[in-house]
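Undergrad: Next comes entry.cif, mmCIF, C-alpha atoms and all ligand atoms:
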data_my_file
#
loop_
_atom_site.label_atom_id
_atom_site.label_comp_id
_atom_site.auth_asym_id
_atom_site.auth_seq_id
_atom_site.Cartn_x
_atom_site.Cartn_y
_atom_site.Cartn_z
CA MET A 291 277.70 36.61 94.42
CA GLY A 292 279.16 34.09 96.84
CA VAL A 293 277.70 30.61 97.10
CA PRO A 294 274.14 30.18 95.79
CA GLY A 295 271.66 30.03 98.63
CA VAL A 296 274.00 31.63 101.18
CA ARG A 297 272.92 35.05 102.48
CA LEU A 298 275.72 37.45 103.28
CA CYS A 299 275.51 39.85 106.20
CA ASP A 300 275.89 43.62 105.63
CA GLU A 301 279.50 43.58 106.87
CA GLU A 302 280.45 40.88 104.38
CA LEU A 303 278.70 42.73 101.57
CA LYS A 304 280.68 45.90 102.38
CA LEU A 305 283.94 43.97 102.04
CA MET A 306 283.07 42.63 98.59
CA LYS A 307 284.25 44.33 95.43
CA PRO A 308 281.25 46.21 93.97
CA SER A 309 281.48 44.18 90.76
CA ASP A 310 280.94 40.93 92.71
CA LYS A 311 277.78 42.29 94.29
CA PHE A 312 276.23 42.20 90.83
CA ASP A 313 277.61 38.75 89.85
CA TYR A 314 279.45 40.67 87.17
CA GLY A 315 282.77 39.23 88.27
CA ALA A 316 281.52 35.64 87.94
CA ASN A 317 279.37 35.92 84.81
CA GLY A 318 281.00 38.77 82.92
CA TYR A 319 277.65 40.51 82.44
CA HIS A 320 274.85 42.12 84.35
CA ILE A 321 271.30 43.02 83.30
CA SER A 322 269.48 46.05 84.73
CA PRO A 323 265.79 45.57 83.81
CA GLY A 324 263.88 48.74 82.90
CA LEU A 325 266.78 51.10 83.59
CA VAL A 326 265.74 53.54 80.82
CA PRO A 327 262.15 54.84 81.12
CA ASP A 328 259.73 55.05 78.20
CA GLU A 329 259.98 58.82 77.74
CA VAL A 330 263.78 58.66 77.36
CA LEU A 331 263.49 55.65 75.01
CA GLU A 332 261.02 57.54 72.84
CA GLN A 333 263.43 60.48 72.52
CA LEU A 334 266.26 58.13 71.54
CA ILE A 335 264.06 56.43 68.93
CA VAL A 336 262.86 59.70 67.37
CA GLU A 337 266.48 60.87 67.27
CA ALA A 338 267.60 57.52 65.75
CA GLU A 339 265.20 58.07 62.86
CA ALA A 340 266.53 61.59 62.31
CA ILE A 341 270.14 60.33 62.32
CA CYS A 342 269.34 57.53 59.84
CA CYS A 343 267.61 59.96 57.49
CA GLY A 344 270.63 62.30 57.51
CA HIS A 345 268.81 65.08 59.40
CA ARG A 346 271.51 65.39 62.03
CA GLY A 347 274.54 65.72 59.78
CA PRO A 348 276.70 63.59 57.53
CA VAL A 349 276.68 59.84 58.08
CA ASN A 350 278.95 58.04 55.64
CA GLY A 351 277.20 55.31 53.63
CA LEU A 352 273.57 56.30 54.26
CA PRO A 353 271.18 54.92 51.61
CA ASP A 354 270.60 57.39 48.79
CA ARG A 355 267.33 59.20 49.53
CA ALA A 356 266.63 59.38 45.79
CA ASN A 357 266.25 55.57 45.86
CA TYR A 358 264.48 55.49 49.22
CA PRO A 359 262.20 58.54 49.45
CA GLN A 360 260.17 57.05 52.35
CA GLU A 361 261.86 57.45 55.75
CA SER A 362 260.70 53.97 56.81
CA SER A 363 262.33 52.39 53.76
CA VAL A 364 265.66 54.06 54.68
CA LEU A 365 265.48 52.51 58.14
CA ASN A 366 264.83 49.10 56.61
CA ARG A 367 268.21 49.29 54.83
CA ILE A 368 270.33 50.01 57.91
CA LEU A 369 271.97 47.40 60.14
CA ALA A 370 273.89 49.83 62.33
CA ILE A 371 275.43 53.29 62.49
CA HIS A 372 278.81 53.68 64.16
CA PHE A 373 279.47 56.78 66.28
CA PRO A 374 275.92 58.26 66.25
CA HIS A 375 277.04 60.55 69.08
CA LYS A 376 279.24 62.38 66.57
CA VAL A 377 276.21 63.82 64.80
CA SER A 378 273.64 63.93 67.59
CA PRO A 379 274.00 66.00 70.78
CA LYS A 380 271.18 63.91 72.26
CA TYR A 381 273.27 60.76 71.82
CA THR A 382 276.36 62.54 73.16
CA ASP A 383 274.38 63.47 76.27
CA PHE A 384 273.11 59.93 76.66
CA LEU A 385 276.70 58.61 76.95
CA SER A 386 276.61 60.16 80.45
CA TYR A 387 273.09 58.99 81.36
CA PRO A 388 273.35 58.96 85.19
CA PRO A 389 271.62 55.59 85.93
CA VAL A 390 274.00 53.88 83.48
CA VAL A 391 277.10 55.68 84.76
CA GLU A 392 276.24 54.86 88.40
CA ILE A 393 276.48 51.17 87.53
CA LEU A 394 279.49 51.54 85.24
CA GLU A 395 281.41 53.13 88.07
CA GLN A 396 280.90 49.95 90.08
CA PHE A 397 282.53 47.86 87.37
CA ILE A 398 285.22 50.22 86.05
CA GLY A 399 286.14 52.55 88.92
CA PRO A 400 285.75 56.26 89.63
CA ASN A 401 287.20 57.58 86.35
CA VAL A 402 285.32 56.47 83.25
CA LYS A 403 285.67 57.43 79.58
CA CYS A 404 283.65 56.47 76.52
CA MET A 405 285.21 55.95 73.10
CA GLN A 406 282.45 54.45 70.97
CA SER A 407 278.72 54.29 70.36
CA LEU A 408 276.75 52.09 67.93
CA LEU A 409 273.14 52.48 66.94
CA PHE A 410 271.57 49.25 65.69
CA ILE A 411 268.36 49.31 63.65
CA LYS A 412 268.65 45.68 62.48
CA PRO A 413 265.33 45.25 60.67
CA PRO A 414 264.10 41.77 59.63
CA GLY A 415 266.51 40.02 57.26
CA MET A 416 269.62 41.73 58.63
CA PRO A 417 272.55 39.60 59.82
CA GLY A 418 273.92 39.24 63.33
CA GLN A 419 277.54 39.32 64.44
CA ALA A 420 279.53 36.13 65.05
CA TRP A 421 281.23 35.20 68.36
CA HIS A 422 283.79 37.79 69.38
CA GLN A 423 285.30 39.69 72.28
CA ASP A 424 285.29 43.48 72.16
CA GLU A 425 288.77 43.78 73.68
CA ILE A 426 290.25 42.52 70.40
CA PRO A 427 289.15 45.45 68.24
CA ILE A 428 289.20 47.89 71.21
CA PRO A 429 292.24 46.89 73.31
CA THR A 430 292.48 48.58 76.68
CA ARG A 431 295.70 48.13 78.61
CA ASP A 432 293.98 47.25 81.87
CA ARG A 433 291.14 45.02 80.59
CA SER A 434 288.54 47.55 81.68
CA LEU A 435 286.50 47.64 78.47
CA THR A 436 282.80 47.45 79.28
CA GLY A 437 279.94 47.32 76.78
CA VAL A 438 276.56 48.83 77.61
CA TRP A 439 273.76 47.47 75.42
CA VAL A 440 270.50 49.41 75.72
CA ALA A 441 267.42 47.68 74.28
CA LEU A 442 265.31 50.21 72.35
CA ASP A 443 262.93 47.36 71.39
CA ASP A 444 262.21 44.10 73.16
CA ALA A 445 265.17 41.93 72.15
CA THR A 446 264.19 38.32 71.38
CA ILE A 447 265.82 35.28 69.83
CA ASP A 448 263.74 35.88 66.70
CA ASN A 449 264.74 39.49 66.16
CA GLY A 450 268.41 38.79 66.89
CA CYS A 451 269.12 39.47 70.57
CA LEU A 452 272.63 39.21 71.96
CA TRP A 453 273.93 35.83 73.18
CA VAL A 454 276.69 35.44 75.77
CA ILE A 455 278.82 32.63 77.16
CA PRO A 456 278.71 33.25 80.92
CA GLY A 457 282.16 33.24 82.54
CA SER A 458 284.02 33.22 79.21
CA HIS A 459 285.79 36.45 80.19
CA LYS A 460 287.43 34.81 83.20
CA PRO A 461 290.52 33.12 81.71
CA GLY A 462 291.55 36.51 80.28
CA ILE A 463 292.37 34.86 76.94
CA LEU A 464 291.79 36.58 73.62
CA TYR A 465 290.59 34.06 71.02
CA GLU A 466 291.89 34.65 67.51
CA ARG A 467 289.40 35.92 64.96
CA HIS A 468 289.12 34.65 61.40
CA PRO A 469 286.97 35.45 58.37
CA HIS A 470 283.87 33.26 58.06
CA ASP A 471 281.20 32.59 55.46
CA ASP A 472 278.24 31.91 57.74
CA PRO A 473 275.35 33.83 56.15
CA ARG A 474 273.69 34.41 59.54
CA PHE A 475 276.42 36.92 60.40
CA ASP A 476 277.92 40.07 58.95
CA LYS A 477 281.53 39.94 57.75
CA THR A 478 283.07 40.91 61.09
CA PRO A 479 285.61 38.14 61.84
CA GLN A 480 284.63 35.29 64.15
CA ALA A 481 286.46 33.96 67.23
CA ARG A 482 287.51 30.44 66.30
CA ASP A 483 288.51 27.38 68.32
CA ILE A 484 286.82 28.63 71.46
CA PRO A 485 286.74 26.05 74.26
CA TYR A 486 282.98 26.34 74.78
CA ASP A 487 280.03 24.41 73.46
CA GLU A 488 277.04 26.10 71.80
CA SER A 489 274.93 24.64 74.62
CA GLU A 490 276.71 26.98 77.05
CA ALA A 491 275.47 30.06 75.21
CA VAL A 492 272.67 32.07 76.81
CA PRO A 493 270.31 34.33 74.84
CA VAL A 494 269.91 37.76 76.44
CA GLU A 495 266.23 38.31 75.79
CA ILE A 496 265.48 41.63 77.46
CA THR A 497 262.59 44.08 77.33
CA ARG A 498 262.90 47.56 75.90
CA GLY A 499 264.51 49.92 78.36
CA SER A 500 266.58 47.14 79.94
CA VAL A 501 270.35 47.42 79.83
CA LEU A 502 273.05 44.76 79.54
CA PHE A 503 276.51 45.56 80.89
CA PHE A 504 279.25 43.20 79.66
CA ASN A 505 282.96 42.69 80.07
CA GLY A 506 285.24 43.28 77.07
CA TYR A 507 286.60 39.71 77.31
CA LEU A 508 283.13 38.12 77.32
CA LEU A 509 282.39 36.03 74.22
CA HIS A 510 279.17 37.26 72.67
CA ARG A 511 277.35 37.21 69.36
CA SER A 512 273.95 38.00 67.87
CA LEU A 513 271.96 35.96 65.36
CA ASN A 514 270.24 37.28 62.26
CA ASN A 515 266.82 38.88 62.56
CA VAL A 516 264.38 36.18 61.37
CA SER A 517 261.23 37.87 62.70
CA ALA A 518 258.49 38.85 60.26
CA ASP A 519 258.29 42.53 61.13
CA GLN A 520 260.23 43.36 64.33
CA SER A 521 263.32 45.53 64.08
CA ARG A 522 265.82 45.04 66.89
CA ARG A 523 266.90 48.56 67.70
CA SER A 524 269.56 49.00 70.35
CA LEU A 525 272.21 51.48 71.41
CA VAL A 526 275.62 50.07 72.36
CA MET A 527 278.22 52.22 74.10
CA HIS A 528 281.75 51.22 75.08
CA TYR A 529 283.54 52.54 78.15
CA MET A 530 286.81 51.97 79.98
CA SER A 531 288.93 53.25 82.80
CA ALA A 532 290.28 56.75 82.15
CA GLU A 533 293.61 55.71 83.70
CA SER A 534 294.32 53.31 80.84
CA TYR A 535 295.76 54.39 77.51
CA LEU A 536 293.68 53.26 74.56
CA PRO A 537 295.94 51.96 71.75
CA TRP A 538 293.21 52.04 69.10
CA ARG A 539 292.86 53.13 65.49
CA GLY A 540 296.59 53.45 64.91
CA VAL A 541 297.58 55.69 67.84
CA GLU A 542 299.26 55.03 71.17
CA ASP A 543 296.43 56.61 73.13
CA TYR A 544 293.16 57.39 71.36
CA ARG A 545 291.91 60.78 72.53
CA ASP A 546 288.55 61.08 70.78
CA ILE A 547 286.84 60.26 74.04
CA VAL A 548 284.06 61.57 76.26
CA MET A 549 284.64 61.58 80.01
CA VAL A 550 281.46 60.45 81.75
CA ARG A 551 282.64 60.24 85.37
CA GLY A 552 285.57 61.43 87.50
CA GLN A 553 288.93 62.82 86.38
CA ASP A 554 290.91 62.34 83.19
CA PRO A 555 294.58 61.86 84.21
CA TYR A 556 295.65 62.74 80.65
CA GLU A 557 293.54 65.88 80.33
CA HIS A 558 296.69 67.96 79.62
CA ARG A 559 297.00 66.15 76.28
CA GLY A 560 293.70 67.55 75.08
CA LEU A 561 291.04 65.85 73.01
CA VAL A 562 290.74 65.24 69.28
CA ASP A 563 287.68 65.00 67.08
CA GLU A 564 288.39 62.36 64.46
CA SER A 565 285.72 59.61 64.51
CA ARG A 566 282.94 60.13 62.01
CA ALA A 567 279.51 58.52 61.88
CA PHE A 568 279.18 55.78 59.26
CA VAL A 569 276.84 52.96 58.30
CA ARG A 570 278.07 49.41 58.95
CA ASP A 571 278.24 47.22 55.87
CA SER A 572 275.50 44.63 56.39
CA GLY A 573 276.44 42.60 53.30
CA VAL A 574 272.73 42.57 52.37
CA ALA A 575 272.24 43.59 48.74
O1 LIG A 601 274.07 43.95 68.98
C1 LIG A 601 274.61 43.24 68.17
O2 LIG A 601 273.99 42.65 67.28
C2 LIG A 601 276.09 43.04 68.22
C3 LIG A 601 276.74 44.03 69.15
C4 LIG A 601 278.08 43.60 69.57
O3 LIG A 601 278.43 42.47 69.50
C5 LIG A 601 279.01 44.57 70.11
O4 LIG A 601 278.69 45.77 70.15
O5 LIG A 601 280.11 44.19 70.48
#
Translate the structure described by the file into structure tokens.
TA:
Amino acid sequence: MGVPGVRLCDEELKLMKPSDKFDYGANGYHISPGLVPDEVLEQLIVEAEAICCGHRGPVNGLPDRANYPQESSVLNRILAIHFPHKVSPKYTDFLSYPPVVEILEQFIGPNVKCMQSLLFIKPPGMPGQAWHQDEIPIPTRDRSLTGVWVALDDATIDNGCLWVIPGSHKPGILYERHPHDDPRFDKTPQARDIPYDESEAVPVEITRGSVLFFNGYLLHRSLNNVSADQSRRSLVMHYMSAESYLPWRGVEDYRDIVMVRGQDPYEHRGLVDESRAFVRDSGVA
């Protein structure tokens, strides 16, 4: 916000875009410490265990319970589940969690839709995800994609917290992704030839219940979980402006969305129900 050390008067603050009030415009991310209280976190964690054990409906690729009769040993096999909100009404409800949506509205505008959720368990030994920008796999037309990363556990360097390159969203450039063979990361392609040095990367070590909001052009990654016994559970949700089409997953405008704030200008087109929950391939045998 403005020049460091300079205090702005109320009138000046009113004139600023809301996103600049949070330094979101300059850095491409914003952290809200302790935004989700313990009782809500506990409900999400209990529900996460039920989803991972198949108690909430079909999740493609879940470990075979015959091989893993203990619930805890199932959890130890799972890096992440895509679209948990498709099997869990609790996770569907959480997409619209008011304290999160209040902040999202500041960054995106009055009309906000969600198209994706990801539940990470990431127990020790699981890989991270190499440098990337979310607007490549999820291309909005108006660059409004915003990730919301909710820490269900304290996220540390050891257990594989997110890392960001502050300001890397600003040029509005999409860096090409290529396959890699770095064993620290899963097989998701890596942004290559980025004009930033590793020393510019910042680890986002946040306590459980804290929430990171980040711009879809921001370069980010996570390292592998090298802790002895700390899973790094987190819930990631992706949102964008409802005014923008979403050319994703082979269609001109992806309509398997959940409106979380305001009006949907394309409501007349109806919604579809096509995403299904599945386990991400961790590459760990
Ligand atoms: O949390 C992680 O390990 C990676 C998440 C991520 O990069 C994303 O959701 O875009």
Undergrad: Go through A:Tyr358, A:Tyr465, A:Phe397, A:Trp439 one by one, measure the shortest atom-to-atom distance of each to ligand LIG 601 (chain A) using all atoms listed in the file, and give the residue with the smallest value.
TA: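 Of the candidates, the smallest distance to ligand LIG 601 (chain A) is held by A:Trp439.
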Undergrad: With distances taken over all atoms listed in the file, which residue among A:Ile398, A:Ile411, A:Val390, A:Val516 lies nearest A:Asp432?
TA: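 Answer, going by the shortest atom-to-atom distance: A:Ile398.
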Undergrad: Nearest residue to A:Ser512 out of A:Gln419, A:Thr478, A:Gly499, A:Glu542, using all atoms listed in the file?
TA: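 Smallest distance to A:Ser512 is found for A:Gln419.
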Undergrad: Step by step, measure atom-to-atom distances between ligand LIG 601 (chain A) and each residue using only C-alpha atoms and all ligand atoms, keep those at most 6 Å, then write them as a PDB file with C-alpha atoms, keeping the file's coordinate frame.
TA:
ATOM      1  CA  GLY A 418     273.920  39.240  63.330  1.00  0.00           C
ATOM      2  CA  GLN A 419     277.540  39.320  64.440  1.00  0.00           C
ATOM      3  CA  ASP A 424     285.290  43.480  72.160  1.00  0.00           C
ATOM      4  CA  LEU A 452     272.630  39.210  71.960  1.00  0.00           C
ATOM      5  CA  ARG A 511     277.350  37.210  69.360  1.00  0.00           C
ATOM      6  CA  SER A 512     273.950  38.000  67.870  1.00  0.00           C
ATOM      7  CA  VAL A 526     275.620  50.070  72.360  1.00  0.00           C
TER       8      VAL A 526
END
Undergrad: What's the 12 Å shell around A:Val541, counting all atoms listed in the file, without same-chain residues fewer than 4 positions away, as a VMD selection string?
TA: chain A and resid 428 to 429 535 to 537 545 to 546 562 564
Undergrad: For stretch 547-557 of chain A, work out the shell of residues within 10 Å, counting all atoms listed in the file and skipping chain neighbours fewer than 6 positions away, then give it as JSON, numbers by chain.
TA: {"A": [382, 383, 384, 385, 386, 387, 388, 391, 392, 394, 395, 399, 400, 401, 402, 403, 404, 405, 406, 529, 530, 531, 532, 533, 534, 535, 536, 563, 564, 565]}
Undergrad: Report the distance between atom CA of A:Ile496 and atom CA of A:Ile393 in Å, rounded to one decimal place.
TA: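 Computing the Euclidean distance for atom CA of A:Ile496 and atom CA of A:Ile393 yields 17.7 Å.
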Undergrad: Could you tell me how far atom CA of A:Ile321 lies from atom CA of A:Trp538, in Å and to one decimal?
TA: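 We find that atom CA of A:Ile321 and atom CA of A:Trp538 lie 27.6 Å from each other.
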